[in-house]
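Visitor: Below is the file my_file.tsv, which contains TSV, C-alpha atoms.
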chain	number	residue	atom	x	y	z
D	111	MET	CA	113.95	79.96	141.08
D	112	SER	CA	116.52	82.57	142.10
D	113	LYS	CA	115.36	86.07	143.05
D	114	LEU	CA	115.98	88.95	140.69
D	115	ILE	CA	118.53	91.60	141.46
D	116	GLY	CA	116.70	93.86	139.02
D	117	PRO	CA	115.19	93.74	135.51
D	118	GLY	CA	118.33	95.08	133.91
D	119	ARG	CA	120.87	93.31	136.10
D	120	LYS	CA	124.33	92.67	134.67
D	121	GLY	CA	125.47	90.06	137.22
D	122	LEU	CA	125.57	86.33	136.59
D	123	THR	CA	122.42	84.33	137.31
D	124	ARG	CA	122.35	80.72	138.42
D	125	ARG	CA	121.32	79.68	134.91
D	126	SER	CA	124.06	81.65	133.17
D	127	LEU	CA	126.70	80.17	135.51
D	128	LEU	CA	125.49	76.70	134.63
D	129	LYS	CA	125.60	77.54	130.94
D	130	ARG	CA	129.18	78.80	131.15
D	131	GLY	CA	130.26	75.72	133.07
D	132	ALA	CA	128.65	73.43	130.51
D	133	ALA	CA	130.25	75.33	127.63
D	134	ALA	CA	133.68	75.03	129.26
D	135	GLY	CA	133.15	71.31	129.71
D	136	MET	CA	132.13	70.85	126.10
D	137	ALA	CA	135.14	72.76	124.83
D	138	SER	CA	137.50	70.49	126.76
D	139	THR	CA	135.99	67.31	125.29
D	140	LEU	CA	135.67	68.25	121.60
D	141	PRO	CA	137.75	65.99	119.32
D	142	LEU	CA	140.77	67.49	117.62
D	143	PHE	CA	140.43	68.60	113.99
D	144	ASN	CA	141.74	65.93	111.60
D	145	ILE	CA	141.93	66.97	107.95
D	146	ASN	CA	142.39	63.33	106.91
D	147	HIS	CA	139.13	62.19	108.51
D	148	VAL	CA	136.53	60.75	106.12
D	149	TRP	CA	134.20	63.74	106.60
D	150	SER	CA	136.81	66.11	105.20
D	151	GLN	CA	136.02	64.79	101.71
D	152	ASP	CA	133.94	67.09	99.51
D	153	VAL	CA	130.39	65.98	98.72
D	154	THR	CA	128.18	67.36	95.97
D	155	TYR	CA	124.63	66.62	94.89
D	156	ASP	CA	122.87	67.53	91.63
D	157	GLY	CA	119.29	66.52	92.38
D	158	GLY	CA	119.30	63.03	90.89
D	159	VAL	CA	118.68	59.59	92.39
D	160	PHE	CA	121.74	57.51	93.34
D	161	ASP	CA	122.48	54.18	94.98
D	162	ALA	CA	123.63	54.76	98.57
D	163	GLY	CA	124.58	51.12	99.00
D	164	GLY	CA	122.59	50.65	102.19
D	165	ALA	CA	124.08	53.66	103.99
D	166	THR	CA	122.20	55.08	106.96
D	167	LEU	CA	120.77	58.59	107.15
D	168	ASN	CA	120.34	59.83	110.73
D	169	ILE	CA	117.39	62.18	111.18
D	170	GLY	CA	116.22	64.30	114.09
D	171	GLU	CA	112.57	65.32	113.60
D	172	TRP	CA	109.24	65.52	115.45
D	173	GLY	CA	107.36	62.38	116.45
D	174	GLY	CA	103.76	61.23	116.70
D	175	PHE	CA	101.43	61.91	113.78
D	176	TRP	CA	104.13	64.13	112.24
D	177	GLU	CA	106.51	61.16	112.04
D	178	GLU	CA	103.78	58.97	110.56
D	179	PHE	CA	103.16	61.55	107.84
D	180	VAL	CA	106.86	61.99	107.03
D	181	ASN	CA	107.34	58.24	106.72
D	182	ALA	CA	104.29	57.72	104.50
D	183	ASN	CA	104.81	60.75	102.25
D	184	LEU	CA	108.59	61.11	102.11
D	185	LEU	CA	110.81	58.49	103.71
D	186	ASP	CA	109.24	55.21	102.56
D	187	ASP	CA	109.82	56.03	98.89
D	188	PHE	CA	113.13	57.74	99.63
D	189	LYS	CA	114.61	54.60	101.24
D	190	LYS	CA	113.62	52.45	98.25
D	191	GLU	CA	114.80	54.85	95.56
D	192	PHE	CA	118.17	55.63	97.17
D	193	ASN	CA	118.81	52.16	98.61
D	194	CYS	CA	119.41	53.50	102.10
D	195	ASN	CA	118.32	53.07	105.69
D	196	VAL	CA	116.90	55.80	107.90
D	197	SER	CA	117.38	56.17	111.65
D	198	TYR	CA	114.59	58.51	112.83
D	199	ASP	CA	114.90	60.02	116.31
D	200	SER	CA	112.02	62.06	117.73
D	201	SER	CA	113.35	62.32	121.29
D	202	TRP	CA	113.71	66.08	121.45
D	203	PRO	CA	115.69	68.20	122.46
D	204	TRP	CA	118.54	67.97	119.99
D	205	PHE	CA	121.02	70.42	121.53
D	206	PRO	CA	122.41	68.16	124.30
D	207	LYS	CA	122.82	65.30	121.84
D	208	PHE	CA	124.84	67.43	119.44
D	209	VAL	CA	127.15	68.88	122.07
D	210	ALA	CA	127.73	65.47	123.67
D	211	GLY	CA	129.53	64.29	120.54
D	212	GLY	CA	130.90	67.58	119.31
D	213	PRO	CA	130.82	68.96	115.75
D	214	GLN	CA	132.97	66.20	114.24
D	215	ASN	CA	130.72	63.41	115.51
D	216	PRO	CA	127.17	64.61	114.74
D	217	VAL	CA	124.25	62.66	116.15
D	218	TYR	CA	122.11	63.56	113.10
D	219	ASP	CA	122.93	64.19	109.45
D	220	ILE	CA	119.79	66.27	108.86
D	221	THR	CA	117.75	67.90	111.60
D	222	ASN	CA	114.44	69.72	111.86
D	223	TRP	CA	114.49	72.54	114.42
D	224	ASN	CA	112.73	75.16	116.40
D	225	LEU	CA	114.92	78.22	115.92
D	226	PRO	CA	116.07	79.08	119.46
D	227	GLU	CA	117.60	75.63	119.96
D	228	MET	CA	119.08	75.63	116.47
D	229	PHE	CA	120.83	78.92	117.13
D	230	LYS	CA	122.03	77.73	120.52
D	231	THR	CA	123.60	74.68	118.87
D	232	ALA	CA	125.18	76.74	116.08
D	233	ARG	CA	126.71	79.06	118.67
D	234	ALA	CA	128.31	76.08	120.43
D	235	GLY	CA	130.47	74.97	117.50
D	236	ASP	CA	130.91	74.44	113.76
D	237	TYR	CA	128.03	72.00	113.42
D	238	PHE	CA	126.21	72.97	110.22
D	239	LEU	CA	126.76	73.76	106.56
D	240	THR	CA	126.35	77.37	105.48
D	241	LYS	CA	123.58	78.88	103.40
D	242	ASP	CA	125.81	78.96	100.30
D	243	GLU	CA	126.84	75.31	100.69
D	244	LEU	CA	123.19	74.26	100.98
D	245	ILE	CA	122.05	76.26	97.97
D	246	ALA	CA	124.91	74.84	95.87
D	247	ASN	CA	123.85	71.24	96.62
D	248	VAL	CA	120.07	71.43	97.00
D	249	PRO	CA	118.53	72.42	93.64
D	250	ASN	CA	115.07	73.17	95.05
D	251	ALA	CA	116.63	75.66	97.48
D	252	ASN	CA	117.19	77.95	94.51
D	253	ASP	CA	113.41	78.31	94.19
D	254	CYS	CA	112.86	79.45	97.78
D	255	TRP	CA	111.96	82.95	98.89
D	256	ASP	CA	114.89	84.88	100.33
D	257	PHE	CA	113.53	84.83	103.88
D	258	ALA	CA	113.98	81.04	103.92
D	259	PHE	CA	117.70	81.71	104.46
D	260	ASP	CA	117.45	84.73	106.79
D	261	ASN	CA	118.34	82.56	109.78
D	262	GLY	CA	121.83	82.04	108.28
D	263	VAL	CA	122.07	78.48	109.60
D	264	GLY	CA	119.56	76.25	107.81
D	265	VAL	CA	116.75	76.34	105.25
D	266	THR	CA	113.19	77.16	106.28
D	267	TRP	CA	110.97	74.79	104.29
D	268	GLY	CA	107.60	75.50	105.91
D	269	PHE	CA	106.13	78.35	107.93
D	270	GLY	CA	103.08	80.12	109.24
D	271	GLN	CA	102.44	83.63	110.49
D	272	TYR	CA	101.89	84.36	114.14
D	273	CYS	CA	98.42	85.53	115.09
D	274	TYR	CA	95.81	85.74	117.81
D	275	ALA	CA	93.18	83.06	117.96
D	276	TYR	CA	89.94	84.53	119.26
D	277	ARG	CA	86.38	83.39	119.84
D	278	THR	CA	84.23	85.08	117.23
D	279	ASP	CA	81.12	84.64	119.40
D	280	LEU	CA	82.66	86.00	122.61
D	281	ALA	CA	84.95	88.84	121.42
D	282	ASP	CA	83.12	92.10	120.69
D	283	PRO	CA	84.59	93.89	118.88
D	284	HIS	CA	86.94	91.46	117.21
D	285	PRO	CA	90.70	92.17	117.53
D	286	THR	CA	92.19	94.34	114.78
D	287	SER	CA	95.83	94.83	115.83
D	288	PHE	CA	98.57	93.38	118.00
D	289	LYS	CA	97.59	95.74	120.84
D	290	SER	CA	94.01	94.40	120.84
D	291	PHE	CA	95.21	91.63	123.18
D	292	TRP	CA	95.28	94.23	125.94
D	293	ASP	CA	91.68	95.42	125.41
D	294	GLU	CA	89.64	95.62	128.61
D	295	GLN	CA	87.15	93.01	127.39
D	296	TYR	CA	89.82	90.30	127.75
D	297	GLY	CA	90.59	91.06	131.39
D	298	GLY	CA	89.93	88.64	134.22
D	299	GLY	CA	91.93	85.75	132.82
D	300	LYS	CA	90.46	85.58	129.32
D	301	ARG	CA	93.89	86.01	127.67
D	302	GLY	CA	96.22	83.11	126.94
D	303	THR	CA	99.92	82.67	126.18
D	304	TYR	CA	102.65	80.07	126.83
D	305	ILE	CA	105.40	79.05	129.19
D	306	THR	CA	108.69	80.86	128.63
D	307	SER	CA	110.36	77.80	127.08
D	308	ASN	CA	107.83	77.79	124.22
D	309	THR	CA	108.97	79.64	121.09
D	310	LEU	CA	105.52	81.23	120.69
D	311	GLN	CA	105.91	83.04	124.02
D	312	MET	CA	109.45	84.12	123.10
D	313	VAL	CA	108.19	85.66	119.85
D	314	PHE	CA	105.16	87.18	121.59
D	315	PHE	CA	107.51	88.85	124.07
D	316	VAL	CA	109.92	90.35	121.51
D	317	THR	CA	107.02	91.52	119.33
D	318	ALA	CA	105.39	93.18	122.37
D	319	SER	CA	108.73	94.82	123.16
D	320	HIS	CA	108.80	96.23	119.63
D	321	VAL	CA	105.17	97.36	119.52
D	322	PHE	CA	105.16	99.01	122.95
D	323	GLY	CA	108.80	100.12	123.06
D	324	GLY	CA	109.64	100.81	119.42
D	325	ASP	CA	112.36	98.13	119.26
D	326	TYR	CA	112.32	94.39	119.88
D	327	LYS	CA	115.31	94.85	122.20
D	328	ASP	CA	113.33	97.09	124.57
D	329	ILE	CA	112.78	94.35	127.13
D	330	ASP	CA	111.54	96.74	129.79
D	331	ALA	CA	108.60	97.56	127.50
D	332	GLY	CA	108.09	93.82	127.03
D	333	TYR	CA	108.06	93.23	130.80
D	334	GLU	CA	105.48	95.96	131.30
D	335	ALA	CA	103.34	94.51	128.50
D	336	MET	CA	103.36	91.09	130.20
D	337	ARG	CA	102.46	92.66	133.57
D	338	SER	CA	99.56	94.65	132.13
D	339	ALA	CA	98.17	91.56	130.37
D	340	MET	CA	97.92	89.56	133.60
D	341	PRO	CA	96.11	87.53	134.69
D	342	MET	CA	96.67	85.18	131.74
D	343	LYS	CA	96.21	81.46	131.33
D	344	ILE	CA	99.64	79.98	130.63
D	345	SER	CA	99.70	76.97	128.32
D	346	ASP	CA	102.57	74.64	127.53
D	347	PHE	CA	101.82	73.96	123.85
D	348	THR	CA	99.51	75.00	121.02
D	349	GLY	CA	97.25	71.98	121.26
D	350	ASN	CA	96.38	72.91	124.83
D	351	MET	CA	95.66	76.49	123.73
D	352	GLN	CA	93.26	75.11	121.12
D	353	THR	CA	91.41	73.25	123.87
D	354	LEU	CA	91.24	76.29	126.14
D	355	ILE	CA	89.73	78.36	123.33
D	356	GLU	CA	87.26	75.65	122.33
D	357	ARG	CA	86.05	75.54	125.94
D	358	GLY	CA	85.77	79.32	126.08
D	359	GLU	CA	88.27	79.49	128.96
D	360	VAL	CA	90.43	81.72	126.74
D	361	VAL	CA	88.76	84.31	124.49
D	362	ILE	CA	91.99	85.51	122.87
D	363	GLY	CA	95.28	83.64	122.78
D	364	VAL	CA	98.70	83.68	121.15
D	365	GLN	CA	98.75	81.21	118.27
D	366	TRP	CA	100.00	80.63	114.73
D	367	GLU	CA	97.61	80.74	111.81
D	368	GLY	CA	97.63	77.06	110.80
D	369	GLU	CA	96.21	75.90	114.14
D	370	VAL	CA	93.39	78.43	113.85
D	371	TYR	CA	92.52	77.55	110.25
D	372	ASN	CA	92.36	73.89	111.26
D	373	GLN	CA	89.83	74.73	114.00
D	374	ILE	CA	87.80	76.89	111.63
D	375	ASP	CA	87.45	73.92	109.27
D	376	LYS	CA	86.23	71.83	112.21
D	377	GLY	CA	83.43	74.30	112.88
D	378	VAL	CA	84.84	75.98	115.97
D	379	PRO	CA	83.64	79.62	116.28
D	380	ILE	CA	87.15	81.03	116.05
D	381	GLY	CA	89.02	83.62	114.02
D	382	ALA	CA	92.66	84.46	113.27
D	383	MET	CA	93.99	88.00	113.66
D	384	VAL	CA	97.37	87.75	111.91
D	385	TRP	CA	100.03	90.09	113.28
D	386	GLU	CA	101.00	92.69	110.71
D	387	GLU	CA	103.37	94.33	113.19
D	388	ARG	CA	106.84	92.97	112.30
D	389	LYS	CA	105.14	89.91	110.67
D	390	PRO	CA	107.00	87.24	112.66
D	391	ILE	CA	106.77	83.66	111.40
D	392	LEU	CA	106.80	80.26	113.04
D	393	THR	CA	109.15	78.12	110.99
D	394	GLN	CA	110.17	74.57	110.25
D	395	THR	CA	113.88	74.72	109.43
D	396	LYS	CA	116.36	72.00	108.54
D	397	THR	CA	120.14	71.89	108.86
D	398	ILE	CA	122.73	69.51	107.44
D	399	SER	CA	125.68	68.56	109.63
D	400	ARG	CA	129.05	69.66	108.29
D	401	TYR	CA	131.01	66.62	109.45
D	402	SER	CA	128.64	63.81	108.58
D	403	ASP	CA	129.95	60.78	106.72
D	404	PRO	CA	130.12	61.69	102.98
D	405	MET	CA	127.42	59.26	101.83
D	406	SER	CA	125.13	60.25	104.69
D	407	LYS	CA	125.69	63.91	103.86
D	408	LYS	CA	124.83	63.29	100.21
D	409	LEU	CA	121.64	61.55	101.34
D	410	ALA	CA	120.88	64.55	103.55
D	411	PHE	CA	121.17	66.85	100.51
D	412	ALA	CA	118.78	64.60	98.61
D	413	LEU	CA	116.25	64.46	101.44
D	414	LEU	CA	116.33	68.23	101.93
D	415	ASN	CA	115.78	68.63	98.20
D	416	ARG	CA	112.70	66.38	98.41
D	417	THR	CA	111.47	68.29	101.47
D	418	LEU	CA	111.65	71.55	99.51
D	419	SER	CA	109.85	70.17	96.47
D	420	PRO	CA	106.48	71.69	95.45
D	421	GLU	CA	104.92	68.21	95.55
D	422	TYR	CA	105.83	67.56	99.18
D	423	ALA	CA	104.96	71.13	100.18
D	424	LEU	CA	101.43	70.67	98.82
D	425	LYS	CA	100.88	67.41	100.71
D	426	PHE	CA	102.30	68.88	103.89
D	427	GLY	CA	100.19	72.02	103.66
D	428	GLU	CA	97.03	69.98	103.10
D	429	THR	CA	97.65	68.10	106.34
D	430	PHE	CA	99.36	70.63	108.63
D	431	TYR	CA	98.05	73.95	107.26
D	432	MET	CA	101.60	75.21	106.77
D	433	ARG	CA	102.81	77.48	103.98
D	434	PRO	CA	105.70	76.54	101.66
D	435	SER	CA	108.89	78.54	101.28
D	436	ASN	CA	109.29	77.30	97.69
D	437	LYS	CA	107.88	80.05	95.47
D	438	LYS	CA	106.81	77.46	92.85
D	439	ALA	CA	104.64	75.50	95.29
D	440	THR	CA	100.85	75.57	95.09
D	441	ILE	CA	98.88	76.74	98.13
D	442	PRO	CA	96.43	73.97	99.12
D	443	GLU	CA	92.72	74.75	99.19
D	444	ASN	CA	92.50	74.64	102.98
D	445	LEU	CA	94.86	77.65	103.08
D	446	ALA	CA	93.80	79.35	99.84
D	447	SER	CA	90.23	79.50	101.16
D	448	LYS	CA	91.54	81.61	104.07
D	449	GLY	CA	93.18	84.11	101.71
D	450	VAL	CA	96.72	82.69	101.95
D	451	GLN	CA	98.86	83.30	98.86
D	452	ASN	CA	102.36	82.28	97.80
D	453	THR	CA	103.47	85.51	96.12
D	454	ALA	CA	106.24	88.05	96.55
D	455	ASP	CA	103.76	90.55	98.00
D	456	ALA	CA	102.35	88.01	100.46
D	457	THR	CA	105.79	87.05	101.76
D	458	GLU	CA	107.32	90.52	101.83
D	459	GLY	CA	108.55	91.59	105.25
D	460	MET	CA	108.37	88.18	106.92
D	461	TRP	CA	110.45	88.46	110.09
D	462	ILE	CA	112.61	85.97	111.93
D	463	PRO	CA	113.72	87.49	115.27
D	464	ASP	CA	117.38	87.94	116.14
D	465	TRP	CA	117.84	84.73	118.12
D	466	HIS	CA	121.49	85.48	118.82
D	467	TRP	CA	120.36	88.57	120.73
D	468	TYR	CA	117.56	86.68	122.45
D	469	LEU	CA	119.86	83.91	123.68
D	470	GLU	CA	122.28	86.49	125.05
D	471	ASN	CA	119.42	87.99	127.08
D	472	GLU	CA	117.48	84.79	127.74
D	473	ASP	CA	118.34	84.48	131.43
D	474	ASP	CA	116.95	87.90	132.32
D	475	ILE	CA	113.87	87.49	130.13
D	476	VAL	CA	112.97	84.01	131.37
D	477	GLU	CA	113.45	84.75	135.06
D	478	THR	CA	111.64	88.10	134.94
D	479	VAL	CA	108.69	86.84	132.88
D	480	ASN	CA	108.37	83.72	135.04
D	481	GLU	CA	108.05	85.93	138.10
D	482	ILE	CA	105.43	88.03	136.33
D	483	PHE	CA	103.48	84.89	135.43
D	484	ALA	CA	103.75	83.60	139.01
D	485	GLY	CA	102.14	86.82	140.24
Go ahead and render the structure in this file as structure tokens.
Guide:
Amino acid sequence: MSKLIGPGRKGLTRRSLLKRGAAAGMASTLPLFNINHVWSQDVTYDGGVFDAGGATLNIGEWGGFWEEFVNANLLDDFKKEFNCNVSYDSSWPWFPKFVAGGPQNPVYDITNWNLPEMFKTARAGDYFLTKDELIANVPNANDCWDFAFDNGVGVTWGFGQYCYAYRTDLADPHPTSFKSFWDEQYGGGKRGTYITSNTLQMVFFVTASHVFGGDYKDIDAGYEAMRSAMPMKISDFTGNMQTLIERGEVVIGVQWEGEVYNQIDKGVPIGAMVWEERKPILTQTKTISRYSDPMSKKLAFALLNRTLSPEYALKFGETFYMRPSNKKATIPENLASKGVQNTADATEGMWIPDWHWYLENEDDIVETVNEIFAG
């Protein structure tokens, strides 16, 4: 890892030079715009079932148990009803696959994202349909809360609030605010967060910058917050954080609410302290590729419509403890029992960070925070 010139340096880093070189290479290989190409045809969808004639829908979405659930509760019936095939790819990340083909040759017709990578892809070219185009062709999108479209790129169909997971038997007193993470009782390595490539750490950093500096762009305040929280145990993903907390190796850790509620129902002595400061949310967001084949694009509209349905949202929430963005969806009992509601008041103020700003400052943030974590 290259040495820092300074926290606020303006010079190019090794990573930013690589990024610019890659962007230049991509620009030189993008196919020329051809208005007569098949994808230039308009496609509309009204919510009904149609015969796709065996066409293939290319999907990029998470694997493992997630993929098993999606197949059993969404795709198996979808393929039969629409007479189509589905090519499901779970080999994340998506960004390099999109830019390898360029906007006019999309690797996926519909894609499920974490937001930083989605924004990075959108910044690289005209890959995705707009909010207005999605709403016009996905009937269930009209029933979503406004924040589902705040990202400006895709539709957020599921979400959960960020929180601290804490051991109820080891934390005394229990955390009551975002700043509680820095309480003296959690010193000596009892705090936990994530590697800088994990979205949870990115959101933790910008929220700390806001809380301690008055603005999420105050990265110097964010750096100081990370320094003062050390030593911390640094995890790579949420499942590992769950294990660290179950073992008592971490007494308070960065998490999202669904993971904590799942552990509560398993009898783990754990609580969730949901962040009310800025109210950031972890999201599941889907895009539809602008230049997909017309039939594949129409299938993508239909699948997104099914994804946003109250019926699918209920099944998904029961399994993954995730809230729906559809205001007509019912909150499952496993969330309702924790006080979760699907109302205008409950969703007011939900915040999706400015990922365009973050990506512009990512090099400095990643390199500085990595050095802080390394001690």
Visitor: I need every residue sitting at most 12 Å from the point (92.8, 95.3, 123.6) (coordinates as in the file, all atoms listed in the file considered), written as a PyMOL selection string.
Guide: chain D and resi 274+276+281-297+300-301+335+338-339+361-363
Visitor: With a distance cut-off of 9 Å and only C-alpha atoms, select the neighbouring residues of D:Trp202, excluding the residue or stretch itself and same-chain residues fewer than 3 positions from it, and output the selection as a compact mmCIF listing (two decimals) with C-alpha atoms, in the frame of the given file.
Guide:
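File produced: part.txt:
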# COMPACT_ATOMS: atom_id res chain seq x y z
CA GLY D 170 116.22 64.30 114.09
CA GLU D 171 112.57 65.32 113.60
CA TRP D 172 109.24 65.52 115.45
CA GLY D 173 107.36 62.38 116.45
CA ASP D 199 114.90 60.02 116.31
CA PHE D 205 121.02 70.42 121.53
Visitor: Do you know which residues are at most 10 Å from D:Tyr326 counting only C-alpha atoms, after dropping those on the same chain fewer than 2 positions away, and could you put them as a list in words?
Guide: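 Counting only C-alpha atoms, the residues come to Val313, Phe315, Val316, Thr317, Ala318, Ser319, His320, Val321, Phe322, Gly323, Gly324, Asp328, Ile329, Ala331, Gly332, Arg388, Pro463, Asp464, Trp467 and Tyr468 of chain D.
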Visitor: State, in Å with one decimal place, the distance from atom CA of D:Val370 to atom CA of D:Lys343.
Guide: 18.0 Å
Visitor: Let me make sure I understand: among D:Val153, D:Leu167, D:Ala246, D:Ile398, which one has the smallest atom-to-atom distance to D:Asn222 if we use all atoms listed in the file?
Guide: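 Comparing D:Val153, D:Leu167, D:Ala246, D:Ile398 against D:Asn222, the winner is D:Ile398.
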Visitor: Neighbours of D:Phe347 within 8 Å (only C-alpha atoms; same-chain residues fewer than 4 positions away dropped), as a VMD selection string?
Guide: chain D and resid 304 308 351
Visitor: Using all atoms listed in the file, determine which residues lie at most 8 Å from D:Leu418, disregarding the query and same-chain residues fewer than 5 positions distant; provide the list as a ChimeraX atom specification.
Guide: /D:250-251,267,423,435-436
Visitor: Take atom CA of D:Asp325 and atom CA of D:Glu472 and report the distance between them in Å, one decimal.
Guide: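 Calculated distance between atom CA of D:Asp325 and atom CA of D:Glu472 is 16.6 Å.
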Visitor: So which one's closest to D:Ala232, D:Val263, D:Cys194, D:Ala412, D:Ala456? Using only C-alpha atoms, please.
Guide: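 The shortest atom-to-atom distance to D:Ala232 comes from D:Val263.
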Visitor: I need stretch 362-413 of chain D from the structure I supplied, saved as a PDB file, in the first residue's frame with C-alpha atoms retained.
Guide:
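Now in decode35.pdb:
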ATOM      1  CA  ILE D 362     -20.543  -3.688  20.228  1.00  0.00           C
ATOM      2  CA  GLY D 363     -20.283  -3.847  16.453  1.00  0.00           C
ATOM      3  CA  VAL D 364     -21.500  -2.133  13.296  1.00  0.00           C
ATOM      4  CA  GLN D 365     -24.405  -4.092  11.844  1.00  0.00           C
ATOM      5  CA  TRP D 366     -27.788  -3.771  10.141  1.00  0.00           C
ATOM      6  CA  GLU D 367     -30.969  -4.547  12.026  1.00  0.00           C
ATOM      7  CA  GLY D 368     -32.052  -7.727  10.229  1.00  0.00           C
ATOM      8  CA  GLU D 369     -28.929  -9.653  11.257  1.00  0.00           C
ATOM      9  CA  VAL D 370     -29.489  -8.663  14.891  1.00  0.00           C
ATOM     10  CA  TYR D 371     -33.190  -9.576  14.911  1.00  0.00           C
ATOM     11  CA  ASN D 372     -32.287 -12.975  13.468  1.00  0.00           C
ATOM     12  CA  GLN D 373     -29.843 -13.578  16.344  1.00  0.00           C
ATOM     13  CA  ILE D 374     -32.395 -12.405  18.908  1.00  0.00           C
ATOM     14  CA  ASP D 375     -34.842 -15.022  17.627  1.00  0.00           C
ATOM     15  CA  LYS D 376     -32.117 -17.655  18.021  1.00  0.00           C
ATOM     16  CA  GLY D 377     -31.725 -16.782  21.697  1.00  0.00           C
ATOM     17  CA  VAL D 378     -28.448 -14.876  21.510  1.00  0.00           C
ATOM     18  CA  PRO D 379     -28.201 -12.209  24.276  1.00  0.00           C
ATOM     19  CA  ILE D 380     -27.988  -9.351  21.798  1.00  0.00           C
ATOM     20  CA  GLY D 381     -29.720  -6.056  21.148  1.00  0.00           C
ATOM     21  CA  ALA D 382     -30.013  -3.597  18.250  1.00  0.00           C
ATOM     22  CA  MET D 383     -29.391   0.115  18.735  1.00  0.00           C
ATOM     23  CA  VAL D 384     -30.735   1.562  15.470  1.00  0.00           C
ATOM     24  CA  TRP D 385     -29.007   4.745  14.328  1.00  0.00           C
ATOM     25  CA  GLU D 386     -31.386   7.689  14.418  1.00  0.00           C
ATOM     26  CA  GLU D 387     -28.607  10.034  13.316  1.00  0.00           C
ATOM     27  CA  ARG D 388     -29.110  10.463   9.546  1.00  0.00           C
ATOM     28  CA  LYS D 389     -31.002   7.103   9.486  1.00  0.00           C
ATOM     29  CA  PRO D 390     -28.867   5.422   6.800  1.00  0.00           C
ATOM     30  CA  ILE D 391     -30.229   2.239   5.245  1.00  0.00           C
ATOM     31  CA  LEU D 392     -28.674  -0.888   3.807  1.00  0.00           C
ATOM     32  CA  THR D 393     -30.483  -1.573   0.552  1.00  0.00           C
ATOM     33  CA  GLN D 394     -31.176  -4.205  -2.047  1.00  0.00           C
ATOM     34  CA  THR D 395     -31.546  -2.328  -5.327  1.00  0.00           C
ATOM     35  CA  LYS D 396     -32.204  -3.554  -8.859  1.00  0.00           C
ATOM     36  CA  THR D 397     -31.435  -1.959 -12.208  1.00  0.00           C
ATOM     37  CA  ILE D 398     -32.595  -2.793 -15.733  1.00  0.00           C
ATOM     38  CA  SER D 399     -30.099  -2.458 -18.560  1.00  0.00           C
ATOM     39  CA  ARG D 400     -31.005   0.143 -21.159  1.00  0.00           C
ATOM     40  CA  TYR D 401     -29.688  -1.746 -24.183  1.00  0.00           C
ATOM     41  CA  SER D 402     -30.896  -5.260 -23.457  1.00  0.00           C
ATOM     42  CA  ASP D 403     -32.664  -7.210 -26.179  1.00  0.00           C
ATOM     43  CA  PRO D 404     -36.335  -6.046 -26.274  1.00  0.00           C
ATOM     44  CA  MET D 405     -37.845  -9.343 -25.108  1.00  0.00           C
ATOM     45  CA  SER D 406     -35.254  -9.720 -22.359  1.00  0.00           C
ATOM     46  CA  LYS D 407     -35.930  -6.158 -21.254  1.00  0.00           C
ATOM     47  CA  LYS D 408     -39.666  -6.825 -21.124  1.00  0.00           C
ATOM     48  CA  LEU D 409     -38.965  -9.898 -18.994  1.00  0.00           C
ATOM     49  CA  ALA D 410     -36.789  -7.744 -16.744  1.00  0.00           C
ATOM     50  CA  PHE D 411     -39.717  -5.346 -16.224  1.00  0.00           C
ATOM     51  CA  ALA D 412     -41.944  -8.284 -15.331  1.00  0.00           C
ATOM     52  CA  LEU D 413     -39.431  -9.774 -12.890  1.00  0.00           C
TER      53      LEU D 413
END
